[in-house]
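Here's target_38.cif, which has mmCIF, C-alpha atoms, pLDDT in the B column; chains and numbers go by the auth columns:
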```
data_final
#
loop_
_atom_site.group_PDB
_atom_site.id
_atom_site.type_symbol
_atom_site.label_atom_id
_atom_site.label_comp_id
_atom_site.label_asym_id
_atom_site.label_seq_id
_atom_site.Cartn_x
_atom_site.Cartn_y
_atom_site.Cartn_z
_atom_site.B_iso_or_equiv
_atom_site.auth_seq_id
_atom_site.auth_asym_id
ATOM 1 C CA MET A 1 167.794 -1.791 105.042 55.00 1 A
ATOM 2 C CA PRO A 2 165.352 -2.335 107.946 66.00 2 A
ATOM 3 C CA PHE A 3 161.888 -3.420 106.865 64.00 3 A
ATOM 4 C CA LEU A 4 159.933 -4.153 110.039 67.00 4 A
ATOM 5 C CA ASP A 5 158.311 -0.713 109.956 65.00 5 A
ATOM 6 C CA GLN A 6 156.641 -1.818 106.700 62.00 6 A
ATOM 7 C CA VAL A 7 155.289 -5.121 107.987 63.00 7 A
ATOM 8 C CA ASN A 8 151.561 -5.237 108.721 63.00 8 A
ATOM 9 C CA THR A 9 151.187 -6.994 112.093 65.00 9 A
ATOM 10 C CA ASP A 10 147.502 -6.231 112.569 61.00 10 A
ATOM 11 C CA SER A 11 145.733 -9.390 113.748 58.00 11 A
ATOM 12 C CA ARG A 12 142.203 -8.121 114.292 52.00 12 A
ATOM 13 C CA ALA A 13 139.388 -10.189 112.835 54.00 13 A
ATOM 14 C CA ARG A 14 138.296 -8.982 109.405 66.00 14 A
ATOM 15 C CA VAL A 15 134.821 -7.887 110.401 85.00 15 A
ATOM 16 C CA SER A 16 133.187 -4.928 108.711 92.00 16 A
ATOM 17 C CA LEU A 17 133.476 -1.498 110.261 94.00 17 A
ATOM 18 C CA SER A 18 130.087 -0.050 111.140 92.00 18 A
ATOM 19 C CA PRO A 19 128.781 2.690 108.820 94.00 19 A
ATOM 20 C CA GLY A 20 129.031 6.256 110.093 95.00 20 A
ATOM 21 C CA SER A 21 131.178 9.373 110.302 96.00 21 A
ATOM 22 C CA TYR A 22 134.556 8.948 111.983 96.00 22 A
ATOM 23 C CA GLY A 23 136.487 11.940 113.249 95.00 23 A
ATOM 24 C CA THR A 24 136.030 15.671 112.710 94.00 24 A
ATOM 25 C CA GLY A 25 137.719 18.447 110.795 91.00 25 A
ATOM 26 C CA SER A 26 140.403 18.679 113.443 92.00 26 A
ATOM 27 C CA GLN A 27 140.561 15.139 114.819 95.00 27 A
ATOM 28 C CA PRO A 28 141.018 11.984 112.730 96.00 28 A
ATOM 29 C CA GLY A 29 138.928 8.884 113.274 96.00 29 A
ATOM 30 C CA LEU A 30 140.230 6.497 110.600 97.00 30 A
ATOM 31 C CA LYS A 31 143.660 5.136 109.747 97.00 31 A
ATOM 32 C CA ILE A 32 144.987 3.560 106.543 97.00 32 A
ATOM 33 C CA LEU A 33 146.610 0.281 107.605 96.00 33 A
ATOM 34 C CA GLN A 34 147.627 -1.347 104.371 96.00 34 A
ATOM 35 C CA TYR A 35 147.953 -0.932 100.616 97.00 35 A
ATOM 36 C CA ILE A 36 146.352 -3.982 98.986 96.00 36 A
ATOM 37 C CA GLU A 37 148.563 -4.885 96.042 95.00 37 A
ATOM 38 C CA LYS A 38 146.418 -7.703 94.637 95.00 38 A
ATOM 39 C CA SER A 39 143.329 -5.486 94.510 94.00 39 A
ATOM 40 C CA SER A 40 145.102 -2.485 92.984 96.00 40 A
ATOM 41 C CA LYS A 41 144.882 -2.569 89.201 95.00 41 A
ATOM 42 C CA PRO A 42 143.983 -0.387 86.190 95.00 42 A
ATOM 43 C CA ASP A 43 140.331 -0.128 85.203 92.00 43 A
ATOM 44 C CA LYS A 44 139.047 -0.095 81.625 90.00 44 A
ATOM 45 C CA SER A 45 139.626 3.671 81.338 90.00 45 A
ATOM 46 C CA GLY A 46 143.305 3.341 82.227 92.00 46 A
ATOM 47 C CA ALA A 47 142.902 4.814 85.705 95.00 47 A
ATOM 48 C CA MET A 48 144.776 2.970 88.442 96.00 48 A
ATOM 49 C CA ARG A 49 142.397 1.777 91.135 96.00 49 A
ATOM 50 C CA HIS A 50 144.383 1.870 94.373 97.00 50 A
ATOM 51 C CA SER A 51 142.950 -0.251 97.180 97.00 51 A
ATOM 52 C CA PHE A 52 143.573 0.198 100.910 97.00 52 A
ATOM 53 C CA LEU A 53 142.498 -1.389 104.183 97.00 53 A
ATOM 54 C CA VAL A 54 141.259 1.061 106.816 97.00 54 A
ATOM 55 C CA ALA A 55 140.442 0.801 110.528 96.00 55 A
ATOM 56 C CA ALA A 56 138.870 3.221 112.996 96.00 56 A
ATOM 57 C CA THR A 57 140.855 4.883 115.767 95.00 57 A
ATOM 58 C CA ARG A 58 137.766 5.997 117.676 94.00 58 A
ATOM 59 C CA PRO A 59 134.006 5.322 117.636 93.00 59 A
ATOM 60 C CA SER A 60 131.886 6.880 114.918 93.00 60 A
ATOM 61 C CA ARG A 61 129.891 9.972 115.832 91.00 61 A
ATOM 62 C CA GLU A 62 126.693 7.970 115.493 87.00 62 A
ATOM 63 C CA SER A 63 127.934 5.168 117.742 86.00 63 A
ATOM 64 C CA ALA A 64 129.119 7.587 120.412 84.00 64 A
ATOM 65 C CA ALA A 65 125.839 9.511 120.341 80.00 65 A
ATOM 66 C CA SER A 66 123.740 6.378 120.735 76.00 66 A
ATOM 67 C CA ALA A 67 125.697 5.063 123.724 72.00 67 A
ATOM 68 C CA LYS A 68 123.382 5.166 126.735 62.00 68 A
ATOM 69 C CA THR A 69 124.442 6.896 129.929 56.00 69 A
ATOM 70 C CA GLY A 70 123.414 6.014 133.482 51.00 70 A
ATOM 71 C CA ASN A 71 122.393 8.445 136.204 51.00 71 A
ATOM 72 C CA GLY A 72 125.981 8.834 137.353 52.00 72 A
ATOM 73 C CA GLY A 73 127.162 9.706 133.877 54.00 73 A
ATOM 74 C CA THR A 74 128.729 6.282 133.360 55.00 74 A
ATOM 75 C CA PRO A 75 128.341 4.869 129.835 60.00 75 A
ATOM 76 C CA LEU A 76 126.219 1.723 129.834 58.00 76 A
ATOM 77 C CA ASP A 77 127.180 0.789 126.295 65.00 77 A
ATOM 78 C CA THR A 78 130.738 1.277 125.040 68.00 78 A
ATOM 79 C CA PRO A 79 130.678 2.655 121.478 72.00 79 A
ATOM 80 C CA ASP A 80 132.114 0.042 119.153 75.00 80 A
ATOM 81 C CA TYR A 81 134.719 0.757 116.508 84.00 81 A
ATOM 82 C CA GLU A 82 136.098 -2.679 115.763 88.00 82 A
ATOM 83 C CA GLY A 83 136.337 -3.873 112.206 92.00 83 A
ATOM 84 C CA MET A 84 137.814 -2.926 108.850 95.00 84 A
ATOM 85 C CA ALA A 85 136.705 -1.030 105.777 96.00 85 A
ATOM 86 C CA PHE A 86 138.062 -0.986 102.252 96.00 86 A
ATOM 87 C CA PHE A 87 139.014 2.259 100.554 97.00 87 A
ATOM 88 C CA ALA A 88 139.510 2.628 96.805 96.00 88 A
ATOM 89 C CA LEU A 89 140.988 5.670 95.083 96.00 89 A
ATOM 90 C CA SER A 90 141.220 5.694 91.277 96.00 90 A
ATOM 91 C CA ILE A 91 143.769 8.022 89.690 96.00 91 A
ATOM 92 C CA HIS A 92 144.431 8.234 85.945 96.00 92 A
ATOM 93 C CA PRO A 93 148.008 9.157 84.910 94.00 93 A
ATOM 94 C CA MET A 94 146.588 11.954 82.749 94.00 94 A
ATOM 95 C CA TRP A 95 145.062 13.588 85.821 96.00 95 A
ATOM 96 C CA LEU A 96 148.466 14.062 87.407 94.00 96 A
ATOM 97 C CA ASN A 97 149.396 17.193 85.515 94.00 97 A
ATOM 98 C CA TRP A 98 148.652 20.882 85.947 95.00 98 A
ATOM 99 C CA GLU A 99 146.686 21.099 82.704 97.00 99 A
ATOM 100 C CA SER A 100 144.090 18.536 83.840 97.00 100 A
ATOM 101 C CA VAL A 101 143.808 19.925 87.364 96.00 101 A
ATOM 102 C CA ALA A 102 143.467 23.525 86.189 97.00 102 A
ATOM 103 C CA LEU A 103 140.800 22.622 83.627 97.00 103 A
ATOM 104 C CA ALA A 104 138.946 20.523 86.207 97.00 104 A
ATOM 105 C CA TYR A 105 138.832 23.187 88.913 96.00 105 A
ATOM 106 C CA ASN A 106 137.869 25.858 86.396 96.00 106 A
ATOM 107 C CA GLU A 107 134.958 23.643 85.358 96.00 107 A
ATOM 108 C CA VAL A 108 133.602 22.898 88.833 95.00 108 A
ATOM 109 C CA GLY A 109 134.193 26.483 89.925 94.00 109 A
ATOM 110 C CA LYS A 110 131.838 28.031 87.376 93.00 110 A
ATOM 111 C CA ASP A 111 128.899 30.100 88.576 92.00 111 A
ATOM 112 C CA SER A 112 125.252 29.453 87.688 89.00 112 A
ATOM 113 C CA GLU A 113 125.714 31.268 84.380 90.00 113 A
ATOM 114 C CA GLY A 114 128.713 29.184 83.392 89.00 114 A
ATOM 115 C CA ASN A 115 131.346 31.834 84.049 93.00 115 A
ATOM 116 C CA VAL A 116 134.693 30.863 85.563 93.00 116 A
ATOM 117 C CA LYS A 117 135.021 32.490 88.998 93.00 117 A
ATOM 118 C CA VAL A 118 138.727 31.788 89.568 94.00 118 A
ATOM 119 C CA ASP A 119 140.791 31.186 86.414 96.00 119 A
ATOM 120 C CA TYR A 120 143.255 28.462 87.430 96.00 120 A
ATOM 121 C CA VAL A 121 144.242 27.921 83.805 97.00 121 A
ATOM 122 C CA ALA A 122 145.477 31.505 83.557 97.00 122 A
ATOM 123 C CA LYS A 123 147.333 31.070 86.848 96.00 123 A
ATOM 124 C CA VAL A 124 149.255 27.914 85.881 96.00 124 A
ATOM 125 C CA ILE A 125 150.195 29.491 82.550 97.00 125 A
ATOM 126 C CA ALA A 126 151.384 32.660 84.293 97.00 126 A
ATOM 127 C CA ASP A 127 153.358 30.577 86.798 94.00 127 A
ATOM 128 C CA GLY A 128 155.055 28.701 83.954 95.00 128 A
ATOM 129 C CA ASP A 129 153.717 25.296 84.996 93.00 129 A
ATOM 130 C CA CYS A 130 152.219 24.771 81.541 95.00 130 A
ATOM 131 C CA SER A 131 151.544 26.616 78.290 97.00 131 A
ATOM 132 C CA GLN A 132 148.441 27.563 76.344 97.00 132 A
ATOM 133 C CA GLU A 133 149.436 24.880 73.834 97.00 133 A
ATOM 134 C CA SER A 134 149.562 22.166 76.507 97.00 134 A
ATOM 135 C CA ILE A 135 146.226 23.374 77.927 97.00 135 A
ATOM 136 C CA ASP A 136 144.667 23.140 74.457 98.00 136 A
ATOM 137 C CA LYS A 137 146.048 19.625 74.002 97.00 137 A
ATOM 138 C CA ALA A 138 144.627 18.524 77.355 97.00 138 A
ATOM 139 C CA LYS A 139 141.268 20.055 76.564 97.00 139 A
ATOM 140 C CA SER A 140 141.235 18.297 73.186 97.00 140 A
ATOM 141 C CA TYR A 141 142.047 14.989 74.900 97.00 141 A
ATOM 142 C CA TYR A 142 139.066 15.237 77.269 97.00 142 A
ATOM 143 C CA GLN A 143 136.796 16.359 74.454 97.00 143 A
ATOM 144 C CA GLN A 144 137.810 13.230 72.526 97.00 144 A
ATOM 145 C CA VAL A 145 137.147 11.053 75.578 96.00 145 A
ATOM 146 C CA ALA A 146 133.725 12.659 75.979 97.00 146 A
ATOM 147 C CA THR A 147 132.893 12.312 72.282 97.00 147 A
ATOM 148 C CA LYS A 148 133.805 8.620 72.248 96.00 148 A
ATOM 149 C CA LYS A 149 131.567 7.894 75.241 96.00 149 A
ATOM 150 C CA VAL A 150 128.678 9.776 73.641 97.00 150 A
ATOM 151 C CA MET A 151 129.094 7.934 70.343 97.00 151 A
ATOM 152 C CA ASP A 152 129.466 4.563 72.061 96.00 152 A
ATOM 153 C CA ALA A 153 126.144 5.248 73.800 96.00 153 A
ATOM 154 C CA ASN A 154 124.416 5.529 70.380 95.00 154 A
ATOM 155 C CA THR A 155 123.271 9.067 71.154 95.00 155 A
ATOM 156 C CA PRO A 156 120.774 10.442 68.591 96.00 156 A
ATOM 157 C CA GLU A 157 122.499 12.704 66.085 94.00 157 A
ATOM 158 C CA ASP A 158 120.527 15.796 67.048 95.00 158 A
ATOM 159 C CA GLN A 159 121.612 15.391 70.679 97.00 159 A
ATOM 160 C CA ILE A 160 125.310 14.710 70.162 96.00 160 A
ATOM 161 C CA GLY A 161 126.517 18.306 70.508 96.00 161 A
ATOM 162 C CA GLN A 162 124.943 18.924 73.905 97.00 162 A
ATOM 163 C CA ALA A 163 125.733 15.408 75.088 97.00 163 A
ATOM 164 C CA VAL A 164 129.437 15.925 74.377 97.00 164 A
ATOM 165 C CA LEU A 165 129.457 19.185 76.340 96.00 165 A
ATOM 166 C CA THR A 166 127.713 17.477 79.268 97.00 166 A
ATOM 167 C CA GLN A 167 130.062 14.487 79.194 98.00 167 A
ATOM 168 C CA TYR A 168 133.109 16.765 78.938 97.00 168 A
ATOM 169 C CA SER A 169 131.978 18.512 82.108 97.00 169 A
ATOM 170 C CA LYS A 170 131.495 15.130 83.801 97.00 170 A
ATOM 171 C CA GLU A 171 135.032 14.057 82.890 97.00 171 A
ATOM 172 C CA LEU A 172 136.522 17.182 84.451 97.00 172 A
ATOM 173 C CA THR A 173 134.255 16.964 87.494 97.00 173 A
ATOM 174 C CA GLN A 174 135.447 13.411 88.091 96.00 174 A
ATOM 175 C CA ILE A 175 139.040 14.647 88.084 97.00 175 A
ATOM 176 C CA SER A 176 138.236 17.323 90.660 97.00 176 A
ATOM 177 C CA ILE A 177 136.581 14.727 92.912 96.00 177 A
ATOM 178 C CA LYS A 178 139.410 12.181 92.790 96.00 178 A
ATOM 179 C CA ILE A 179 142.268 14.680 92.939 95.00 179 A
ATOM 180 C CA GLY A 180 140.380 16.511 95.674 95.00 180 A
ATOM 181 C CA THR A 181 140.273 13.296 97.728 96.00 181 A
ATOM 182 C CA LEU A 182 144.019 12.854 97.228 95.00 182 A
ATOM 183 C CA MET A 183 144.647 16.468 98.285 93.00 183 A
ATOM 184 C CA ARG A 184 142.618 16.019 101.475 95.00 184 A
ATOM 185 C CA LEU A 185 144.574 12.891 102.387 95.00 185 A
ATOM 186 C CA ILE A 186 147.849 14.744 101.732 94.00 186 A
ATOM 187 C CA ASP A 187 146.585 17.505 104.042 93.00 187 A
ATOM 188 C CA TRP A 188 145.991 14.955 106.807 95.00 188 A
ATOM 189 C CA LYS A 189 149.347 13.244 106.303 93.00 189 A
ATOM 190 C CA TYR A 190 151.507 16.348 105.994 91.00 190 A
ATOM 191 C CA GLN A 191 149.754 18.759 108.315 82.00 191 A
ATOM 192 C CA GLU A 192 152.658 21.180 108.684 74.00 192 A
ATOM 193 C CA THR A 193 153.847 21.106 105.063 75.00 193 A
ATOM 194 C CA GLN A 194 150.629 20.363 103.200 69.00 194 A
ATOM 195 C CA SER A 195 151.066 23.220 100.715 72.00 195 A
ATOM 196 C CA LYS A 196 154.469 21.910 99.608 74.00 196 A
ATOM 197 C CA HIS A 197 153.227 18.351 99.231 77.00 197 A
ATOM 198 C CA ARG A 198 150.036 19.389 97.441 82.00 198 A
ATOM 199 C CA ASN A 199 152.127 21.103 94.799 82.00 199 A
ATOM 200 C CA GLU A 200 154.184 17.922 94.377 85.00 200 A
ATOM 201 C CA PHE A 201 151.097 15.748 93.817 82.00 201 A
ATOM 202 C CA ALA A 202 152.276 14.576 90.395 82.00 202 A
ATOM 203 C CA SER A 203 155.199 12.672 91.922 87.00 203 A
ATOM 204 C CA PHE A 204 153.414 11.609 95.111 89.00 204 A
ATOM 205 C CA ASP A 205 153.623 7.874 95.829 93.00 205 A
ATOM 206 C CA ILE A 206 150.090 6.728 96.668 94.00 206 A
ATOM 207 C CA LYS A 207 151.497 3.946 98.844 94.00 207 A
ATOM 208 C CA ASP A 208 152.873 6.613 101.187 94.00 208 A
ATOM 209 C CA LEU A 209 149.298 7.101 102.394 95.00 209 A
ATOM 210 C CA VAL A 210 149.687 3.992 104.556 96.00 210 A
ATOM 211 C CA ASN A 211 149.552 4.988 108.261 96.00 211 A
ATOM 212 C CA THR A 212 147.767 8.239 107.423 96.00 212 A
ATOM 213 C CA GLU A 213 145.045 9.135 109.930 97.00 213 A
ATOM 214 C CA PHE A 214 142.063 11.087 108.602 97.00 214 A
ATOM 215 C CA SER A 215 138.368 11.670 109.144 97.00 215 A
ATOM 216 C CA GLY A 216 135.705 10.373 106.814 97.00 216 A
ATOM 217 C CA LYS A 217 132.471 8.538 106.192 97.00 217 A
ATOM 218 C CA VAL A 218 132.066 4.758 106.035 97.00 218 A
ATOM 219 C CA GLN A 219 129.147 2.981 104.412 95.00 219 A
ATOM 220 C CA LYS A 220 128.132 -0.560 103.551 92.00 220 A
ATOM 221 C CA SER A 221 129.391 -1.797 100.201 86.00 221 A
ATOM 222 C CA ASN A 222 126.937 -1.264 97.357 80.00 222 A
ATOM 223 C CA GLN A 223 128.054 -4.472 95.701 75.00 223 A
ATOM 224 C CA ALA A 224 125.404 -7.166 95.632 66.00 224 A
ATOM 225 C CA SER A 225 125.806 -9.981 98.201 67.00 225 A
ATOM 226 C CA SER A 226 128.737 -8.168 99.876 74.00 226 A
ATOM 227 C CA ASP A 227 128.740 -7.544 103.619 83.00 227 A
ATOM 228 C CA THR A 228 131.905 -5.426 103.605 90.00 228 A
ATOM 229 C CA SER A 229 132.227 -1.736 104.436 95.00 229 A
ATOM 230 C CA GLU A 230 134.001 0.931 102.420 95.00 230 A
ATOM 231 C CA VAL A 231 135.148 4.504 102.902 97.00 231 A
ATOM 232 C CA ASP A 232 132.681 6.674 101.020 95.00 232 A
ATOM 233 C CA SER A 233 134.339 10.056 101.504 96.00 233 A
ATOM 234 C CA VAL A 234 137.308 11.802 103.090 97.00 234 A
ATOM 235 C CA TYR A 235 136.554 14.916 105.131 97.00 235 A
ATOM 236 C CA SER A 236 138.597 18.096 104.871 95.00 236 A
ATOM 237 C CA ARG A 237 141.016 18.984 107.617 92.00 237 A
ATOM 238 C CA LYS A 238 140.563 22.405 109.199 87.00 238 A
#
```

Would you write the structure of this file as structure tokens?
Amino acid sequence: MPFLDQVNTDSRARVSLSPGSYGTGSQPGLKILQYIEKSSKPDKSGAMRHSFLVAATRPSRESAASAKTGNGGTPLDTPDYEGMAFFALSIHPMWLNWESVALAYNEVGKDSEGNVKVDYVAKVIADGDCSQESIDKAKSYYQQVATKKVMDANTPEDQIGQAVLTQYSKELTQISIKIGTLMRLIDWKYQETQSKHRNEFASFDIKDLVNTEFSGKVQKSNQASSDTSEVDSVYSRK
């Protein structure tokens, strides 16, 4: 079958994309150019760290705002948006099920008193996407993950109980952040059918994000001695 539509022909110099916000809620400013196979690998937790190469399709908001204008309204400095940024998205196989997602969004959706505002667990059970038994198994799994991390940190015995609860919440919050990023990218890619594709997230091929245009924030890499840029966040589409 034809393959030229999959070949990356980009020949721009690999300079770092300037930090800033690219695009808005209705207009993209970044584009995923390539899935980087050699940099995509599982981390120590078992989550797959997917790596992409991203370019800008327009100047950042900061660059455009700082461009000087002459008396006749003619820009004296053209906002620059050359360069590339790396984008990493880690997804654990366990996160790609309704049990994990429902537990995660229940957790981050609690009010200041710890009460669940919208019960997504009850909804997925009612819809038949999972059962109370499968929810309990998922909850037990994340409690075990949290307990192991607390014990590995040599937490004092009198602090273990609270530390496990705190770590459990962190595990679920992490899921909501990563799956939330994936959902926002799906929204940008499938603008007319985003609801359908969101609900098929478990079978979504991450590599299909190549060529997706979206808006987001770019920052300098926080790795020591690195002069590269990376996508820090993906903005929601209106």

Fill in: A:Ile175, A:Ser169, A:Ala88, A:Asp152 ranked by distance to A:Lys110, top pick (using only C-alpha atoms)
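Nearest to A:Lys110: A:Ser169.
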
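You will find atom CA of A:Glu171 at 9.9 Å from atom CA of A:Glu107.
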
Fill in: Residue nearest A:Val145 among A:Lys170, A:Asp205, A:Leu103, A:Asn211 (counting only C-alpha atoms)
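Of all the options, A:Lys170 lies closest to A:Val145.
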
Discussion item. I'd like to see the residues matched by the PyMOL selection byres ((chain A and resi 18-28) around 12) on this file, and ideally I'd get them as a PyMOL selection string.
Written reply: chain A and resi 15-17+29-32+54-66+79-86+184-185+187-189+191+211-221+227-238

Hey, can you spit out that residue selection with C-alpha atoms as a PDB file, in the frame of the given file?
```pdb
ATOM      1  CA  VAL A  15     134.821  -7.887 110.401  1.00 85.00           C
ATOM      2  CA  SER A  16     133.187  -4.928 108.711  1.00 92.00           C
ATOM      3  CA  LEU A  17     133.476  -1.498 110.261  1.00 94.00           C
ATOM      4  CA  GLY A  29     138.928   8.884 113.274  1.00 96.00           C
ATOM      5  CA  LEU A  30     140.230   6.497 110.600  1.00 97.00           C
ATOM      6  CA  LYS A  31     143.660   5.136 109.747  1.00 97.00           C
ATOM      7  CA  ILE A  32     144.987   3.560 106.543  1.00 97.00           C
ATOM      8  CA  VAL A  54     141.259   1.061 106.816  1.00 97.00           C
ATOM      9  CA  ALA A  55     140.442   0.801 110.528  1.00 96.00           C
ATOM     10  CA  ALA A  56     138.870   3.221 112.996  1.00 96.00           C
ATOM     11  CA  THR A  57     140.855   4.883 115.767  1.00 95.00           C
ATOM     12  CA  ARG A  58     137.766   5.997 117.676  1.00 94.00           C
ATOM     13  CA  PRO A  59     134.006   5.322 117.636  1.00 93.00           C
ATOM     14  CA  SER A  60     131.886   6.880 114.918  1.00 93.00           C
ATOM     15  CA  ARG A  61     129.891   9.972 115.832  1.00 91.00           C
ATOM     16  CA  GLU A  62     126.693   7.970 115.493  1.00 87.00           C
ATOM     17  CA  SER A  63     127.934   5.168 117.742  1.00 86.00           C
ATOM     18  CA  ALA A  64     129.119   7.587 120.412  1.00 84.00           C
ATOM     19  CA  ALA A  65     125.839   9.511 120.341  1.00 80.00           C
ATOM     20  CA  SER A  66     123.740   6.378 120.735  1.00 76.00           C
ATOM     21  CA  PRO A  79     130.678   2.655 121.478  1.00 72.00           C
ATOM     22  CA  ASP A  80     132.114   0.042 119.153  1.00 75.00           C
ATOM     23  CA  TYR A  81     134.719   0.757 116.508  1.00 84.00           C
ATOM     24  CA  GLU A  82     136.098  -2.679 115.763  1.00 88.00           C
ATOM     25  CA  GLY A  83     136.337  -3.873 112.206  1.00 92.00           C
ATOM     26  CA  MET A  84     137.814  -2.926 108.850  1.00 95.00           C
ATOM     27  CA  ALA A  85     136.705  -1.030 105.777  1.00 96.00           C
ATOM     28  CA  PHE A  86     138.062  -0.986 102.252  1.00 96.00           C
ATOM     29  CA  ARG A 184     142.618  16.019 101.475  1.00 95.00           C
ATOM     30  CA  LEU A 185     144.574  12.891 102.387  1.00 95.00           C
ATOM     31  CA  ASP A 187     146.585  17.505 104.042  1.00 93.00           C
ATOM     32  CA  TRP A 188     145.991  14.955 106.807  1.00 95.00           C
ATOM     33  CA  LYS A 189     149.347  13.244 106.303  1.00 93.00           C
ATOM     34  CA  GLN A 191     149.754  18.759 108.315  1.00 82.00           C
ATOM     35  CA  ASN A 211     149.552   4.988 108.261  1.00 96.00           C
ATOM     36  CA  THR A 212     147.767   8.239 107.423  1.00 96.00           C
ATOM     37  CA  GLU A 213     145.045   9.135 109.930  1.00 97.00           C
ATOM     38  CA  PHE A 214     142.063  11.087 108.602  1.00 97.00           C
ATOM     39  CA  SER A 215     138.368  11.670 109.144  1.00 97.00           C
ATOM     40  CA  GLY A 216     135.705  10.373 106.814  1.00 97.00           C
ATOM     41  CA  LYS A 217     132.471   8.538 106.192  1.00 97.00           C
ATOM     42  CA  VAL A 218     132.066   4.758 106.035  1.00 97.00           C
ATOM     43  CA  GLN A 219     129.147   2.981 104.412  1.00 95.00           C
ATOM     44  CA  LYS A 220     128.132  -0.560 103.551  1.00 92.00           C
ATOM     45  CA  SER A 221     129.391  -1.797 100.201  1.00 86.00           C
ATOM     46  CA  ASP A 227     128.740  -7.544 103.619  1.00 83.00           C
ATOM     47  CA  THR A 228     131.905  -5.426 103.605  1.00 90.00           C
ATOM     48  CA  SER A 229     132.227  -1.736 104.436  1.00 95.00           C
ATOM     49  CA  GLU A 230     134.001   0.931 102.420  1.00 95.00           C
ATOM     50  CA  VAL A 231     135.148   4.504 102.902  1.00 97.00           C
ATOM     51  CA  ASP A 232     132.681   6.674 101.020  1.00 95.00           C
ATOM     52  CA  SER A 233     134.339  10.056 101.504  1.00 96.00           C
ATOM     53  CA  VAL A 234     137.308  11.802 103.090  1.00 97.00           C
ATOM     54  CA  TYR A 235     136.554  14.916 105.131  1.00 97.00           C
ATOM     55  CA  SER A 236     138.597  18.096 104.871  1.00 95.00           C
ATOM     56  CA  ARG A 237     141.016  18.984 107.617  1.00 92.00           C
ATOM     57  CA  LYS A 238     140.563  22.405 109.199  1.00 87.00           C
TER      58      LYS A 238
END
```

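Atom CA of A:Ala163 is found 11.1 Å from atom CA of A:Gln143.
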
Worksheet item: If you count all atoms listed in the file, which residues fall within 9 Å of A:Met183, apart from same-chain ones fewer than 2 positions away, as an MDAnalysis selection string?
Response: chainID A and resid 178:181 185:188 194 197:198 201

Worksheet entry | Matched chain/residue IDs from the PyMOL selection byres ((chain A and resi 89) around 9), as number ranges by chain | A: 48-52, 87-88, 90-91, 178, 181-182

Fill in: the PyMOL selection byres ((chain A and resi 150) around 10) resolved against shown file, as JSON, numbers by chain
{"A": [144, 145, 146, 147, 148, 149, 151, 152, 153, 154, 155, 156, 159, 160, 161, 162, 163, 164, 165, 166, 167, 168]}

Worksheet item: Distance atom CA of A:Asn115-atom CA of A:Ser140, one decimal place?
Response: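 Atom CA of A:Ser140 lies at a distance of 20.0 Å from atom CA of A:Asn115.
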
Worksheet item: If we count all atoms listed in the file, what is near A:Gly109 at a cut-off of 8 Å, once residues fewer than 5 positions away on the same chain are taken out, given as a PyMOL selection string?
Response: chain A and resi 116-118

Worksheet item: Which residue out of A:Ala47, A:Ile36, A:Leu53, A:Ala122 has the minimum interatomic distance to A:Gln174 when all atoms listed in the file are used?
Response: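 Result for the nearest residue to A:Gln174: A:Ala47.
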
Practice prompt. Measuring atom to atom with all atoms listed in the file, identify which of A:Ser195, A:Gln34, A:Ser203, A:Ser176 is nearest to A:Pro93.
Written response: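 Answer, going by the shortest atom-to-atom distance: A:Ser203.
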
Distance query A:Val101 at most 9 Å, all atoms listed in the file, self and fewer than 4 positions along chain excluded, as a PDB file with C-alpha atoms, in the coordinates of the input:
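Printed below is around23.pdb as written:
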```pdb
ATOM      1  CA  TRP A  95     145.062  13.588  85.821  1.00 96.00           C
ATOM      2  CA  LEU A  96     148.466  14.062  87.407  1.00 94.00           C
ATOM      3  CA  ASN A  97     149.396  17.193  85.515  1.00 94.00           C
ATOM      4  CA  TYR A 105     138.832  23.187  88.913  1.00 96.00           C
ATOM      5  CA  ASN A 106     137.869  25.858  86.396  1.00 96.00           C
ATOM      6  CA  TYR A 120     143.255  28.462  87.430  1.00 96.00           C
ATOM      7  CA  VAL A 121     144.242  27.921  83.805  1.00 97.00           C
ATOM      8  CA  LEU A 172     136.522  17.182  84.451  1.00 97.00           C
ATOM      9  CA  ILE A 175     139.040  14.647  88.084  1.00 97.00           C
ATOM     10  CA  SER A 176     138.236  17.323  90.660  1.00 97.00           C
ATOM     11  CA  ILE A 179     142.268  14.680  92.939  1.00 95.00           C
TER      12      ILE A 179
END
```

Worksheet item: Looking at all atoms listed in the file, which of A:Ile177, A:Leu33, A:Ile206, A:Ala126 is the one that sits closest to A:Ala104?
Response: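 Looking only at the distances to A:Ala104, the closest residue turns out to be A:Ile177.
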